[in-house]
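Text of upload-v9.cif, listed as mmCIF, C-alpha atoms and all ligand atoms:
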```cif
data_structure
loop_
_atom_site.label_atom_id
_atom_site.label_comp_id
_atom_site.auth_asym_id
_atom_site.auth_seq_id
_atom_site.Cartn_x
_atom_site.Cartn_y
_atom_site.Cartn_z
CA MET Q 84 9.09 13.30 -23.36
CA THR Q 85 5.67 12.66 -21.80
CA THR Q 86 4.81 14.79 -18.76
CA TYR Q 87 2.36 13.42 -16.18
CA ASN Q 88 0.70 15.92 -13.85
CA LEU Q 89 0.11 14.45 -10.40
CA ALA Q 90 -2.37 15.34 -7.67
CA LEU Q 91 -1.14 14.07 -4.28
CA ILE Q 92 -4.05 13.30 -1.97
CA GLY Q 93 -2.44 12.98 1.43
CA PHE Q 94 0.97 14.51 2.09
CA GLY Q 95 2.34 12.18 4.74
CA GLY Q 96 5.21 9.75 4.81
CA VAL Q 97 4.64 7.98 1.50
CA ASN Q 98 3.59 10.90 -0.71
CA ARG Q 99 6.33 13.10 0.78
CA ALA Q 100 8.86 10.39 -0.11
CA LEU Q 101 7.46 10.37 -3.66
CA ALA Q 102 7.72 14.17 -3.81
CA GLU Q 103 11.35 13.98 -2.63
CA LEU Q 104 12.19 11.47 -5.38
CA ILE Q 105 10.53 13.72 -7.99
CA ARG Q 106 12.45 16.73 -6.65
CA ASP Q 107 15.82 14.99 -6.31
CA GLU Q 108 15.95 12.38 -9.07
CA PRO Q 109 14.34 13.62 -12.30
CA ARG Q 110 16.84 11.49 -14.24
CA ARG Q 111 15.26 8.33 -12.78
CA PHE Q 112 12.02 9.21 -14.54
CA ALA Q 113 13.59 10.63 -17.71
CA ASP Q 114 15.29 7.25 -18.19
CA LEU Q 115 11.80 5.74 -18.03
CA GLY Q 116 10.60 8.12 -20.76
CA PHE Q 117 8.51 10.56 -18.76
CA GLU Q 118 8.59 13.58 -16.46
CA LEU Q 119 6.48 13.92 -13.29
CA ARG Q 120 5.07 17.29 -12.19
CA VAL Q 121 3.03 17.76 -9.00
CA VAL Q 122 0.22 20.25 -9.74
CA ALA Q 123 -1.97 19.66 -6.67
CA ILE Q 124 -1.61 18.54 -3.06
CA THR Q 125 -4.26 18.09 -0.37
CA ASP Q 126 -3.77 17.09 3.24
CA LEU Q 127 -5.81 17.47 6.45
CA ALA Q 128 -2.81 19.14 8.08
CA PHE Q 129 -1.78 21.52 5.27
CA GLY Q 130 -4.99 22.17 3.32
CA SER Q 131 -5.01 22.33 -0.48
CA LEU Q 132 -2.64 23.70 -3.09
CA VAL Q 133 -3.22 23.77 -6.87
CA GLN Q 134 -0.59 25.24 -9.22
CA GLY Q 135 -0.99 24.13 -12.84
CA GLU Q 136 2.56 25.12 -13.79
CA GLY Q 137 3.92 22.78 -11.13
CA ILE Q 138 4.39 23.13 -7.38
CA ASP Q 139 7.81 24.03 -5.94
CA LEU Q 140 8.35 20.74 -4.11
CA ALA Q 141 11.42 21.96 -2.21
CA ALA Q 142 9.30 24.76 -0.74
CA VAL Q 143 6.33 22.61 0.33
CA LEU Q 144 8.55 19.81 1.66
CA ALA Q 145 10.29 22.38 3.84
CA MET Q 146 6.98 23.42 5.43
CA PRO Q 147 6.55 22.06 9.00
CA ARG Q 148 3.50 19.85 9.58
CA GLY Q 149 0.62 22.00 10.71
CA SER Q 150 1.56 25.02 8.60
CA SER Q 151 -0.98 25.89 5.93
CA PHE Q 152 -0.87 26.17 2.14
CA GLU Q 153 -3.18 29.19 2.50
CA GLY Q 154 -0.44 31.79 2.04
CA LEU Q 155 0.62 30.34 -1.34
CA PRO Q 156 -0.91 31.14 -4.76
CA GLY Q 157 -3.68 28.54 -5.28
CA GLY Q 158 -3.53 27.53 -1.64
CA SER Q 159 -6.31 27.15 0.97
CA THR Q 160 -6.57 25.95 4.55
CA GLU Q 161 -8.95 23.06 3.94
CA ALA Q 162 -8.37 19.75 2.16
CA ARG Q 163 -10.76 20.37 -0.77
CA ASN Q 164 -10.40 16.80 -2.02
CA GLU Q 165 -13.45 16.56 -4.27
CA ASP Q 166 -12.80 19.86 -6.04
CA VAL Q 167 -9.08 19.16 -6.44
CA ILE Q 168 -9.60 15.59 -7.66
CA LYS Q 169 -12.34 16.51 -10.12
CA ASN Q 170 -11.06 19.87 -11.37
CA SER Q 171 -7.27 20.10 -10.99
CA PRO Q 172 -5.17 19.68 -14.17
CA ALA Q 173 -3.90 16.28 -13.01
CA ASP Q 174 -3.49 13.22 -15.22
CA ILE Q 175 -2.87 10.88 -12.26
CA VAL Q 176 -4.30 11.05 -8.74
CA VAL Q 177 -1.97 9.60 -6.09
CA GLU Q 178 -4.12 8.46 -3.15
CA ALA Q 179 -2.09 8.02 0.04
CA THR Q 180 -4.40 9.01 2.88
CA PHE Q 181 -5.29 6.95 5.98
CA THR Q 182 -6.61 3.43 5.36
CA SER Q 183 -10.07 2.87 6.85
CA PRO Q 184 -10.62 -0.89 7.35
CA ILE Q 185 -14.36 -0.33 7.93
CA ASP Q 186 -15.59 1.20 4.69
CA GLY Q 187 -12.43 2.43 2.95
CA GLU Q 188 -13.75 5.98 3.03
CA PRO Q 189 -13.01 8.74 2.17
CA ALA Q 190 -10.39 7.09 -0.05
CA VAL Q 191 -13.00 5.07 -1.95
CA SER Q 192 -14.71 8.33 -2.92
CA HIS Q 193 -11.34 9.90 -3.82
CA VAL Q 194 -10.63 7.02 -6.20
CA ARG Q 195 -14.13 7.00 -7.68
CA TRP Q 196 -14.13 10.78 -8.28
CA ALA Q 197 -10.76 10.54 -10.02
CA LEU Q 198 -11.68 7.61 -12.28
CA GLU Q 199 -15.05 9.10 -13.19
CA SER Q 200 -13.31 12.36 -14.15
CA GLY Q 201 -10.99 10.47 -16.49
CA LYS Q 202 -7.91 10.51 -14.27
CA HIS Q 203 -5.72 7.49 -13.58
CA VAL Q 204 -5.33 6.45 -9.93
CA VAL Q 205 -2.27 5.01 -8.24
CA THR Q 206 -2.63 4.22 -4.57
CA THR Q 207 -1.02 2.55 -1.56
CA ASN Q 208 -4.31 2.69 0.36
CA LYS Q 209 -5.61 -0.83 1.06
CA GLY Q 210 -9.15 0.28 1.84
CA PRO Q 211 -10.47 0.97 -1.68
CA VAL Q 212 -8.72 -2.13 -3.08
CA ALA Q 213 -9.90 -4.58 -0.41
CA LEU Q 214 -13.42 -3.21 -0.02
CA LYS Q 215 -14.36 -1.87 -3.48
CA GLY Q 216 -11.65 -3.19 -5.76
CA GLN Q 217 -13.85 -4.85 -8.37
CA GLU Q 218 -16.26 -1.90 -8.59
CA LEU Q 219 -13.45 0.64 -8.95
CA SER Q 220 -11.60 -1.45 -11.54
CA THR Q 221 -14.81 -1.59 -13.58
CA ILE Q 222 -15.19 2.20 -13.38
CA ALA Q 223 -11.55 2.59 -14.48
CA ALA Q 224 -12.06 0.36 -17.51
CA SER Q 225 -15.27 2.13 -18.53
CA ASN Q 226 -13.47 5.47 -18.38
CA GLY Q 227 -10.37 4.29 -20.25
CA VAL Q 228 -8.01 4.88 -17.32
CA ARG Q 229 -5.96 2.71 -14.95
CA PHE Q 230 -6.47 1.89 -11.27
CA GLU Q 231 -3.10 0.63 -9.99
CA TYR Q 232 -2.37 -0.43 -6.41
CA GLU Q 233 0.86 -2.44 -6.15
CA GLY Q 234 1.70 -0.82 -2.83
CA ALA Q 235 -1.48 -2.03 -1.15
CA VAL Q 236 0.24 -5.34 -0.39
CA MET Q 237 3.92 -5.66 0.60
CA SER Q 238 4.78 -2.04 -0.08
CA GLY Q 239 7.19 -1.73 -3.01
CA THR Q 240 7.77 -5.48 -3.30
CA PRO Q 241 5.98 -6.33 -6.57
CA VAL Q 242 3.67 -9.15 -5.44
CA ILE Q 243 0.45 -8.35 -7.31
CA ARG Q 244 2.08 -7.51 -10.63
CA LEU Q 245 4.49 -10.45 -10.27
CA ALA Q 246 1.67 -12.91 -9.79
CA HIS Q 247 -0.33 -11.49 -12.67
CA LYS Q 248 2.50 -11.01 -15.17
CA VAL Q 249 5.23 -13.49 -14.27
CA LEU Q 250 3.38 -16.48 -12.85
CA GLY Q 251 1.00 -16.65 -15.81
CA GLY Q 252 -0.01 -20.16 -16.89
CA LEU Q 253 0.23 -21.51 -13.36
CA GLU Q 254 -2.72 -22.51 -11.19
CA LEU Q 255 -2.35 -20.66 -7.90
CA ARG Q 256 -3.79 -22.81 -5.11
CA ALA Q 257 -2.80 -20.75 -2.04
CA VAL Q 258 -0.94 -17.71 -0.86
CA GLN Q 259 0.61 -17.51 2.60
CA GLY Q 260 2.82 -14.84 4.03
CA ILE Q 261 4.08 -12.30 6.49
CA LEU Q 262 2.19 -9.28 5.19
CA ASN Q 263 2.64 -6.64 7.90
CA GLY Q 264 6.01 -5.03 8.45
CA THR Q 265 5.14 -3.36 11.74
CA SER Q 266 4.07 -6.55 13.55
CA ASN Q 267 7.05 -8.47 12.20
CA TYR Q 268 9.38 -5.70 13.34
CA VAL Q 269 7.67 -5.62 16.75
CA LEU Q 270 7.94 -9.40 17.27
CA GLY Q 271 11.63 -9.22 16.38
CA ARG Q 272 12.24 -6.41 18.87
CA MET Q 273 10.36 -8.40 21.53
CA GLU Q 274 12.76 -11.28 20.81
CA ALA Q 275 15.53 -8.75 21.58
CA GLY Q 276 13.91 -8.05 24.96
CA LEU Q 277 11.77 -4.95 24.30
CA GLY Q 278 8.20 -4.72 25.56
CA LEU Q 279 5.30 -4.52 23.09
CA GLU Q 280 4.60 -0.80 23.54
CA GLN Q 281 8.27 0.21 23.19
CA ALA Q 282 8.61 -1.88 20.04
CA ILE Q 283 5.46 -0.31 18.58
CA ALA Q 284 6.83 3.17 19.31
CA GLU Q 285 10.00 2.30 17.39
CA ALA Q 286 7.97 1.09 14.40
CA GLN Q 287 5.98 4.32 14.43
CA GLU Q 288 9.16 6.38 14.47
CA LEU Q 289 10.47 4.41 11.50
CA GLY Q 290 7.30 5.21 9.52
CA TYR Q 291 6.11 1.59 9.28
CA ALA Q 292 2.95 1.75 11.38
CA GLU Q 293 -0.56 2.80 10.43
CA ALA Q 294 -1.91 6.04 11.86
CA ASP Q 295 -3.65 3.74 14.37
CA PRO Q 296 -1.11 0.96 15.04
CA THR Q 297 -3.80 -1.35 16.45
CA ALA Q 298 -4.49 -2.07 12.76
CA ASP Q 299 -0.97 -3.53 12.53
CA ILE Q 300 -0.97 -5.33 15.87
CA GLY Q 301 -4.59 -6.51 15.87
CA GLY Q 302 -4.37 -7.98 12.37
CA SER Q 303 -6.89 -5.80 10.49
CA ASP Q 304 -4.15 -4.51 8.17
CA VAL Q 305 -3.26 -8.09 7.20
CA ARG Q 306 -6.96 -8.93 6.89
CA LEU Q 307 -7.29 -6.30 4.17
CA LYS Q 308 -4.19 -7.57 2.40
CA VAL Q 309 -5.26 -11.22 2.54
CA ALA Q 310 -8.62 -10.26 1.04
CA ILE Q 311 -6.80 -8.38 -1.74
CA LEU Q 312 -4.54 -11.35 -2.52
CA ALA Q 313 -7.45 -13.82 -2.34
CA ASN Q 314 -9.49 -11.72 -4.75
CA GLU Q 315 -6.65 -10.68 -7.05
CA LEU Q 316 -4.88 -14.01 -7.28
CA LEU Q 317 -7.43 -16.70 -6.40
CA GLY Q 318 -10.55 -15.00 -7.75
CA ALA Q 319 -12.18 -15.48 -4.36
CA GLY Q 320 -14.60 -12.53 -4.42
CA ILE Q 321 -14.42 -12.29 -0.61
CA HIS Q 322 -14.91 -9.36 1.79
CA PRO Q 323 -12.36 -8.67 4.54
CA ASN Q 324 -15.04 -9.59 7.08
CA ASP Q 325 -14.89 -13.13 5.69
CA VAL Q 326 -11.28 -13.42 6.92
CA GLU Q 327 -11.07 -14.89 10.44
CA THR Q 328 -8.54 -12.63 12.15
CA THR Q 329 -6.40 -12.82 15.31
CA GLY Q 330 -3.58 -10.34 15.97
CA ILE Q 331 -0.45 -10.45 18.11
CA GLN Q 332 -1.72 -8.23 20.93
CA ASP Q 333 -1.96 -11.17 23.35
CA ILE Q 334 1.53 -12.50 22.70
CA THR Q 335 3.70 -11.75 25.73
CA SER Q 336 7.45 -11.34 26.02
CA GLN Q 337 7.45 -14.70 27.83
CA ASP Q 338 5.63 -16.36 24.91
CA VAL Q 339 8.28 -14.97 22.56
CA ALA Q 340 11.14 -16.19 24.77
CA ASP Q 341 9.56 -19.64 25.20
CA ALA Q 342 9.19 -20.02 21.43
CA LEU Q 343 12.83 -19.06 20.84
CA ALA Q 344 13.89 -21.59 23.49
CA ARG Q 345 12.16 -24.37 21.54
CA GLY Q 346 13.57 -23.22 18.19
CA CYS Q 347 10.48 -21.37 16.97
CA ARG Q 348 9.62 -17.74 16.11
CA TRP Q 349 6.23 -16.11 16.42
CA LYS Q 350 5.02 -14.61 13.14
CA LEU Q 351 1.72 -13.03 12.10
CA ILE Q 352 0.64 -15.10 9.12
CA GLY Q 353 -2.01 -14.27 6.52
CA GLU Q 354 -3.22 -17.08 4.28
CA ALA Q 355 -5.79 -17.72 1.57
CA ARG Q 356 -6.25 -21.28 0.31
CA ARG Q 357 -8.52 -22.82 -2.33
CA ASP Q 358 -10.29 -25.82 -0.82
CA ALA Q 359 -11.02 -29.07 -2.71
CA ASP Q 360 -14.54 -27.87 -3.47
CA GLY Q 361 -13.17 -24.64 -5.03
CA THR Q 362 -14.12 -22.31 -2.21
CA VAL Q 363 -11.42 -20.05 -0.78
CA THR Q 364 -10.74 -19.92 2.96
CA ALA Q 365 -8.72 -17.02 4.36
CA VAL Q 366 -7.30 -16.49 7.85
CA VAL Q 367 -4.96 -14.18 9.80
CA GLN Q 368 -3.31 -15.61 12.92
CA PRO Q 369 -0.06 -15.68 14.90
CA VAL Q 370 1.89 -18.89 14.34
CA ALA Q 371 5.04 -20.14 16.12
CA LEU Q 372 7.04 -21.23 13.07
CA PRO Q 373 9.84 -23.81 13.42
CA ALA Q 374 13.29 -22.44 12.54
CA GLY Q 375 13.36 -24.38 9.25
CA HIS Q 376 10.12 -22.87 7.88
CA PRO Q 377 10.80 -20.62 4.81
CA LEU Q 378 9.10 -17.69 6.57
CA ALA Q 379 10.82 -18.10 9.97
CA GLY Q 380 13.91 -16.15 8.87
CA ILE Q 381 11.93 -13.10 7.70
CA SER Q 382 12.98 -10.29 10.07
CA GLY Q 383 12.36 -6.61 10.68
CA ALA Q 384 9.83 -4.88 8.43
CA THR Q 385 10.55 -7.38 5.69
CA ASN Q 386 7.55 -9.22 4.28
CA ALA Q 387 7.33 -12.47 2.34
CA VAL Q 388 4.64 -14.31 0.46
CA SER Q 389 4.70 -17.90 -0.68
CA PHE Q 390 2.56 -18.89 -3.67
CA THR Q 391 1.50 -22.54 -3.86
CA THR Q 392 1.31 -23.45 -7.56
CA ASP Q 393 0.41 -26.56 -9.51
CA LEU Q 394 3.58 -26.82 -11.62
CA LEU Q 395 6.24 -25.21 -9.45
CA GLY Q 396 5.08 -26.06 -5.94
CA ALA Q 397 6.00 -23.17 -3.62
CA VAL Q 398 7.38 -19.90 -5.04
CA THR Q 399 8.38 -17.41 -2.32
CA VAL Q 400 8.98 -13.68 -2.75
CA SER Q 401 10.52 -11.56 0.00
CA GLY Q 402 11.11 -7.81 0.23
CA PRO Q 403 10.29 -4.67 2.18
CA GLY Q 404 6.72 -4.62 3.45
CA ALA Q 405 6.75 -1.08 4.81
CA GLY Q 406 8.79 2.10 4.69
CA ARG Q 407 8.22 5.54 3.25
CA VAL Q 408 10.58 5.38 0.27
CA GLU Q 409 10.00 1.67 -0.30
CA THR Q 410 6.29 2.37 -0.62
CA ALA Q 411 6.86 5.45 -2.76
CA TYR Q 412 8.55 3.06 -5.18
CA ALA Q 413 5.29 1.11 -5.43
CA LEU Q 414 3.67 4.32 -6.69
CA ILE Q 415 6.46 4.70 -9.25
CA SER Q 416 5.86 1.14 -10.45
CA ASP Q 417 2.17 2.00 -10.77
CA ILE Q 418 2.98 5.14 -12.78
CA ILE Q 419 5.14 3.02 -15.09
CA ALA Q 420 2.11 0.76 -15.59
CA VAL Q 421 -0.01 3.83 -16.41
CA ASP Q 422 2.64 5.02 -18.88
CA GLU Q 423 2.73 1.61 -20.58
CA PHE Q 424 -1.07 1.65 -20.85
CA ALA Q 425 -1.07 5.23 -22.18
CA LYS Q 426 1.49 4.25 -24.83
CA GLY Q 427 -0.55 1.20 -25.84
CA ALA Q 428 1.86 -1.35 -24.46
CA VAL Q 429 -0.81 -3.22 -22.52
CA ARG Q 430 -4.51 -3.88 -22.86
CA ALA Q 431 -6.89 -2.43 -20.26
N1 LIG V 501 4.06 3.72 5.40
C1 LIG V 501 4.12 2.53 4.82
O1 LIG V 501 5.11 1.78 4.97
C2 LIG V 501 2.98 2.06 3.96
C3 LIG V 501 3.15 0.93 3.16
C4 LIG V 501 2.09 0.48 2.35
C5 LIG V 501 0.88 1.16 2.37
N2 LIG V 501 0.75 2.26 3.17
C6 LIG V 501 -0.53 2.96 3.14
O2 LIG V 501 -0.35 4.19 2.43
C7 LIG V 501 -1.18 5.22 2.98
C8 LIG V 501 -0.30 6.39 3.40
O3 LIG V 501 0.66 5.91 4.30
P1 LIG V 501 1.62 6.95 5.06
O4 LIG V 501 2.66 6.13 5.75
O5 LIG V 501 2.03 8.03 4.12
O6 LIG V 501 0.61 7.54 6.15
P2 LIG V 501 0.72 8.94 6.92
O7 LIG V 501 -0.19 8.82 8.09
O8 LIG V 501 2.16 9.30 7.11
O9 LIG V 501 0.14 10.00 5.87
C9 LIG V 501 -1.22 10.00 5.52
C10 LIG V 501 -1.54 11.47 5.26
O10 LIG V 501 -2.86 11.55 4.73
C11 LIG V 501 -3.48 12.68 5.30
N3 LIG V 501 -4.92 12.46 5.26
C12 LIG V 501 -5.63 11.54 5.94
N4 LIG V 501 -6.94 11.61 5.60
C13 LIG V 501 -7.03 12.62 4.67
C14 LIG V 501 -8.11 13.19 3.94
N5 LIG V 501 -9.36 12.76 4.10
N6 LIG V 501 -7.84 14.21 3.08
C15 LIG V 501 -6.57 14.66 2.93
N7 LIG V 501 -5.51 14.16 3.60
C16 LIG V 501 -5.75 13.15 4.45
C17 LIG V 501 -2.95 12.79 6.70
O11 LIG V 501 -3.05 14.12 7.18
C18 LIG V 501 -1.49 12.35 6.53
O12 LIG V 501 -0.63 13.44 6.31
C19 LIG V 501 -1.94 4.57 4.14
O13 LIG V 501 -3.21 4.15 3.66
C20 LIG V 501 -1.08 3.34 4.48
O14 LIG V 501 -1.87 2.28 5.01
C21 LIG V 501 1.76 2.74 3.95
N1 LIG V 502 1.55 -0.45 8.53
C1 LIG V 502 1.73 -1.34 7.39
C2 LIG V 502 2.24 -0.53 6.21
C3 LIG V 502 2.26 -1.35 4.95
O1 LIG V 502 0.95 -1.65 4.53
C4 LIG V 502 2.76 -2.43 7.74
O2 LIG V 502 3.43 -2.27 8.77
O3 LIG V 502 2.90 -3.42 7.00
#
```
Could I get this structure in the form of C-alpha cells?
Amino acid sequence: MTTYNLALIGFGGVNRALAELIRDEPRRFADLGFELRVVAITDLAFGSLVQGEGIDLAAVLAMPRGSSFEGLPGGSTEARNEDVIKNSPADIVVEATFTSPIDGEPAVSHVRWALESGKHVVTTNKGPVALKGQELSTIAASNGVRFEYEGAVMSGTPVIRLAHKVLGGLELRAVQGILNGTSNYVLGRMEAGLGLEQAIAEAQELGYAEADPTADIGGSDVRLKVAILANELLGAGIHPNDVETTGIQDITSQDVADALARGCRWKLIGEARRDADGTVTAVVQPVALPAGHPLAGISGATNAVSFTTDLLGAVTVSGPGAGRVETAYALISDIIAVDEFAKGAVRA
C-alpha cells in the first residue's frame, strides 16, 4: 500500500474537511490503493506543525481557531510556509490558502517552492492556476511531479478533467456557465425575499464565500475561473484582466422580483467563446435568463457549465460549485491523479 505524506498549507474550511475525511474514512483511500498521512500543517491562525510520523488529526481538528501549534512537538507560532514546503517530509503539498485575484501570491510562491523541491501540488486556489498556470505546469513537468487543480473551477465537480479526458476528439468552441456558488446562492435567497447582505451572511456561514465575499459578488472569482477554462480548454492564453467583468452588486431585490414576474431568473454568467478569426473572447456578467434556458434552473450553490462542441452541440455538466467537503473531494480527485501518475498510468 502506497503512503502519501501531505503538507496542508492553510487549515481552513477545505483543508480541515480533507483532514476530517483522512481521519474518519481511511477505507475510502485504502480502496483506492493508498494511505494518506498529514505530516505538516501551516496556517496564519495556528502557526506551523511538522511531525514526520504523522500528525494526530483528531487533536489538531479539536483545537479552536486562534490557538497555536507552539505547544506541540514540532510546532511553532508562525506559518513557516517556505521552510515547511521545502523541507518537510511531504510527497504532496495541499495548497488551500486565500485566493489573491491580483497576483496569486503567496500561493504562487507556495506552489513554485513545492514543485521545485520535487513535491507534487494539489490545490483549490484559483490564483496560481489563473495567473501563473502555464509557468507552474512547466516547472512541474521539468521536475517530474504533478500540478493538479480540479477544485479551482466548480469545486469537486470534475469539469477540467472531464473536458480533458472525456471530451477528447471534440472541438470545443465555447464554455458558458454559472461558476460561483456564493452569488448563485445569494440570488436565489434574494428571490425568496432576503436582502443582499443577509444572503451573503448566510453564504459565509455555509462556507461557500471567499474570505472577502466581494470577490464572489463583484465577479472577480468568476473572472479567474473563466480565464482558467479559456486557457485550459480553448488554449486562449489569456490573463484574467482580459476578461470584461461585471458582478451582481447592483442587482436589487426589485430587479430580482421583476425578472421572476416576467419568467426570468438573474444569474451571474461566465463565458469564453472562440470567435470566427480564432481569437477567444471572455466575459463575466449578470444575465436575466428565460425559464427555459438550461442554466435557469441551477439553484443554490450548484454550478453548471455548458460546453459548445462541434460534434455534440451543447454538453452541460452540473454539480456543487462550493462547499467545504465538496471541495475537499476535488483534492482527493487530484491525489488520485498524482497516484496514477506515480504508478505510470498516465504520461506527464
Ligand atoms: N470553500 C469553497 O467552497 C471553495 C471551493 C473552491 C475553491 N476554494 C478555494 O480554496 C481555498 C481555501 O478555501 P477555504 O474555504 O478553505 O478558505 P478559508 O478562508 O476557510 O481557509 C483558508 C485558510 O488559509 C489560511 N491562510 C491564508 N493565507 C495563508 C498563508 N499565507 N499561510 C498560511 N495560511 C494561510 C487562513 O488562515 C485560513 O485558515 C481558497 O483559495 C478558495 O478560494 C474554496
Ligand atoms: N467562493 C467560491 C468558492 C468556490 O470557488 C464560490 O462561491 O463559488
| task | State, in Å with one decimal place, the distance from atom CA of Phe390 of chain Q to atom CA of Ala190 of chain Q. | result |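 Computed distance, atom CA of Phe390 of chain Q to atom CA of Ala190 of chain Q, equals 29.3 Å.
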| field | Within-7 Å residues of ligand LIG 502 (chain V), basis only C-alpha atoms and all ligand atoms, as a list in words | value | Ala235, Val236, Met237, Ser238, Leu262, Asn263, Gly264, Thr265, Ser266, Tyr291, Ala292, Glu293, Asp299, Asp304, Ala384, Gly404 and Ala405 of chain Q
| What is the atom C20 of ligand LIG 501 (chain V)-atom CA of Ile168 of chain Q distance in Å, reported with one decimal? | 19.2 Å
| query | Which is closest to ligand LIG 501 (chain V) among Q:Arg407, Q:His376, Q:Arg111, Q:Arg345, if we use only C-alpha atoms and all ligand atoms? | reply | Q:Arg407
| note | Separating atom CA of Ala213 of chain Q from atom CA of Lys308 of chain Q, to the nearest tenth of an Å, is a gap of 7.0 Å
